[in-house]
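> So that we are looking at the same thing, I have put the structure below in structure tokens.
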Amino acid sequence: MDKIESNYQRWLNSPVVDDKTKDEIKKMNKEEKADAFFKDAEFGTAGMREVLGPGTNRLNIFTVRKSTIAYGKYLLEKFKTEANKRGVVISHDNRFMSREFTIDTANTLNEMGINTFIFDSLRPTPELSFAIRELGAIGGVMITASHNPKEYNGYKVYDENGCQLVPERIERLLEILATLPDELSCVVEKAEVKGTNVFLDSDVDNKYVDAVLSIRLNPNLDKSDFKVVYSPQHGTSFIPAMKIFEKAGYKNNIFPVEKQCIPDPNFSYTLSPNPEEKDAYIESIKLAKEIDADLIVMTDPDADRVGLAFKNKNKEYELLTGNQSGALLIDYILGQRKEKGLLSNNGVMYNTIVTSTFGTKIAKSYGVKTISLLTGFKFIGDAVEKALKNNGPHYEFGYEESYGYLISPFARDKDAQQALLMIVEMVLFHKNNGKTLDIVMDELQQKYNYYNDTQFSIFFKGSEGPNKMTKLMNDLRGNIKEIAGFKVTRVEDYENSVAKNFDGTEEEITLPKSNVLKFFLGDDMTISIRPSGTEPKCKFYYGVNAKSKEEVKSLPKKLHDSLLEKVGL
């Protein structure tokens, strides 16, 4: 009997699986059965993010509980007596089963003798990070699938600093998880003294809102004749964001997309909850045209990412990528801090190895150093903590190309509430100076070069997906010397911790190992490739620049086609 059939029969014959779930399993076709049972749900460096449903390769009460038991054991081992005193904060988004997973996670940890804190309803991911630090907890759990489609949910774990566990910390958790029996046989080892569960009151909410308000640089700008369309994409940001906007004086300037303000696991009134997708903006743009809005801002469902669209000089609505928004924010924040004498002489900006070098050039012009880390905001959060302990460098800004920004590190995860407030302030500042964002962007690109940072993805679904993705990465590690006529001058292999230069020299890469390749082409052009940590796909990031808008537009597709041809795709 193969693994798929073995797992399938184990679920069908288990006394802990209810009859309704067994009937659901029996109705699976061959492909559904294979995908649900061919492996265990993976708990990786970004936690778990899987399709909801019965099966070993699905997110359900059994797979979540097993992960919680492993996390509880990890905490008890690391913190010993502190574990049952300081407690764990748990939060969730709007998705199917999010509340049920939250309650079960709290109950499981309580049975293990660990105190828990939960909110009365859904809350943003960055507020969870803030609450861990505010309450002095030893960790946290966020139930969310971020911007994924409605079929998904996820489970992320945090450390005592409010940061997702980095590889060096999560390694022990994974070792513990590997020692546990299968998800249906996994039982809680009950402590002599059961932990307590406390419902958090509005005090944490209010302190978080006040912390977000503290990031403002120009709170007294003229707000008349300024309109902003806002959407939480059926997720967690609506209540805190509206409170922040009102306290910041934008009460009459914000126009919510009302249908998308309801926490809805079906995402009924949006074609996509992902701010990276054009379809996410359809309803917002419709409202913006009706009221002649200056700006559109939206968060993903767990409110750690922000996307924006703006009315350009031609009165048309234009979307920006995360790299473009990041570049504009860097210029505004560092420029205003410098003008007001708030910029550190030992400042640092954190980004990732797949983020555009456009922002790096802007930061450098203000005397701010850039440190590029592996993808995943946990690496930025961890770097912030280490810098504080080592008395520097001073944090100025952190961001990812995937629409995640952190202005002030009172949270240790990307924070959409902070980004919402700062983006609105930035656009209003430029409007009061007679400029739309396309004018500001063009001025920056005339100064630093025209940049085009584009991402393509190849999906590898089904039981054969992982093997195909592994083959692709191995093929890319072959001896590729040129791509679309551009010489490869350097290749950084983060899995093997080595960088090879075109002259034959090699250097060691000191970042944690990760299955990422980065090609350097000529002067300041890059291609980064990595398998997604949360979805069955491989991501290709193209960072190109040129002296003109026309020249830079076609380069990413040209490079992508050439690279795929070299590996037979």
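Quick note on naming: the chains in the structure tokens go A, B, ... in the order shown, residues restart at 1 in each chain, and ligands are numbered from 1 in order of appearance.
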With DSSP run on the backbone, what are the strand (DSSP E or B) residues within segment 102-282 of chain A? I'd like them as a list in words.
Thr116, Phe117, Ile118, Gly139, Gly140, Val141, Met142, Ile143, Tyr152, Asn153, Gly154, Tyr155, Lys156, Val157, Tyr158, Gln164, Asn197, Val198, Phe199, Val228, Val229, Tyr230, Ser231, Ile254, Phe255 and Pro256 of chain A
> So that I can see what lies close to Lys22 of chain A, please list as an MDAnalysis selection string the residues with an atom at most 9 Å from it, counting only C-alpha atoms and leaving out residues fewer than 5 positions away in the same chain.
chainID A and resid 11:13 17 27 54
> At a cut-off of 9 Å, can you tabulate as a Markdown table every residue of segment 350-401 of chain A near segment 166-183 of chain A together with its closest atom pair and the distance in Å to one decimal, using only C-alpha atoms and ordering rows by chain then number?

| residue | atom | partner | partner_atom | distance |
| --- | --- | --- | --- | --- |
| A:Lys378 | CA | A:Val166 | CA | 6.1 |
| A:Phe379 | CA | A:Val166 | CA | 6.5 |
| A:Asp382 | CA | A:Val166 | CA | 7.4 |
> Could you please take those selected residues and save C-alpha atoms as a PDB file, in the first residue's frame?

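The new file result_33.pdb reads:
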ATOM      1  CA  LYS A 378      11.152  37.714  10.123  1.00  0.00           C
ATOM      2  CA  PHE A 379      14.754  38.320   9.070  1.00  0.00           C
ATOM      3  CA  ASP A 382      15.340  39.640  13.948  1.00  0.00           C
TER       4      ASP A 382
END
> Looking only at the backbone, which of the residues in segment 361-556 of chain A does DSSP tag as helix (DSSP H, G or I), as an MDAnalysis selection string?
chainID A and resid 361:365 377:389 416:432 437:448 465:476 549:553 555:556
> Taking a cut-off of 10 Å and counting only C-alpha atoms, can you build a table that, for each residue of segment 245-362 of chain A near segment 208-223 of chain A, reports the nearest atom pair and how far apart they are in Å (one decimal), sorted by chain then residue number, as a tab-separated table?

residue	atom	partner	partner_atom	distance
A:Phe245	CA	A:Leu213	CA	9.0
A:Lys247	CA	A:Leu213	CA	7.9
A:Ala248	CA	A:Leu213	CA	6.8
A:Gly249	CA	A:Lys223	CA	8.1
A:Tyr250	CA	A:Lys223	CA	7.3
A:Asn252	CA	A:Lys223	CA	8.9
A:Asn253	CA	A:Lys223	CA	7.5
A:Tyr332	CA	A:Leu217	CA	9.6
A:Ile333	CA	A:Leu217	CA	7.8
A:Gln336	CA	A:Leu217	CA	7.0
A:Arg337	CA	A:Leu217	CA	7.6
A:Lys340	CA	A:Leu217	CA	8.8
A:Leu342	CA	A:Leu217	CA	9.8
> Those same residues - C-alpha atoms - I'd like them written as a CSV table (one decimal), in the first residue's frame.

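Output file part-v9.csv follows:
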chain,number,residue,atom,x,y,z
A,245,PHE,CA,-7.5,57.7,10.3
A,247,LYS,CA,-7.5,60.2,15.3
A,248,ALA,CA,-5.0,61.5,12.7
A,249,GLY,CA,-7.6,64.0,11.4
A,250,TYR,CA,-8.6,62.2,8.2
A,252,ASN,CA,-13.7,63.4,6.4
A,253,ASN,CA,-11.1,62.3,3.9
A,332,TYR,CA,9.6,60.9,1.7
A,333,ILE,CA,10.5,59.5,5.2
A,336,GLN,CA,11.5,64.7,6.0
A,337,ARG,CA,13.5,63.2,8.8
A,340,LYS,CA,13.6,68.0,10.6
A,342,LEU,CA,15.5,63.4,12.9
> Quick one: of A:Val440, A:Ile114, A:Pro124, A:Lys313, who's nearest to Thr236 of chain A, counting only C-alpha atoms?
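Nearest to Thr236 of chain A: A:Pro124.
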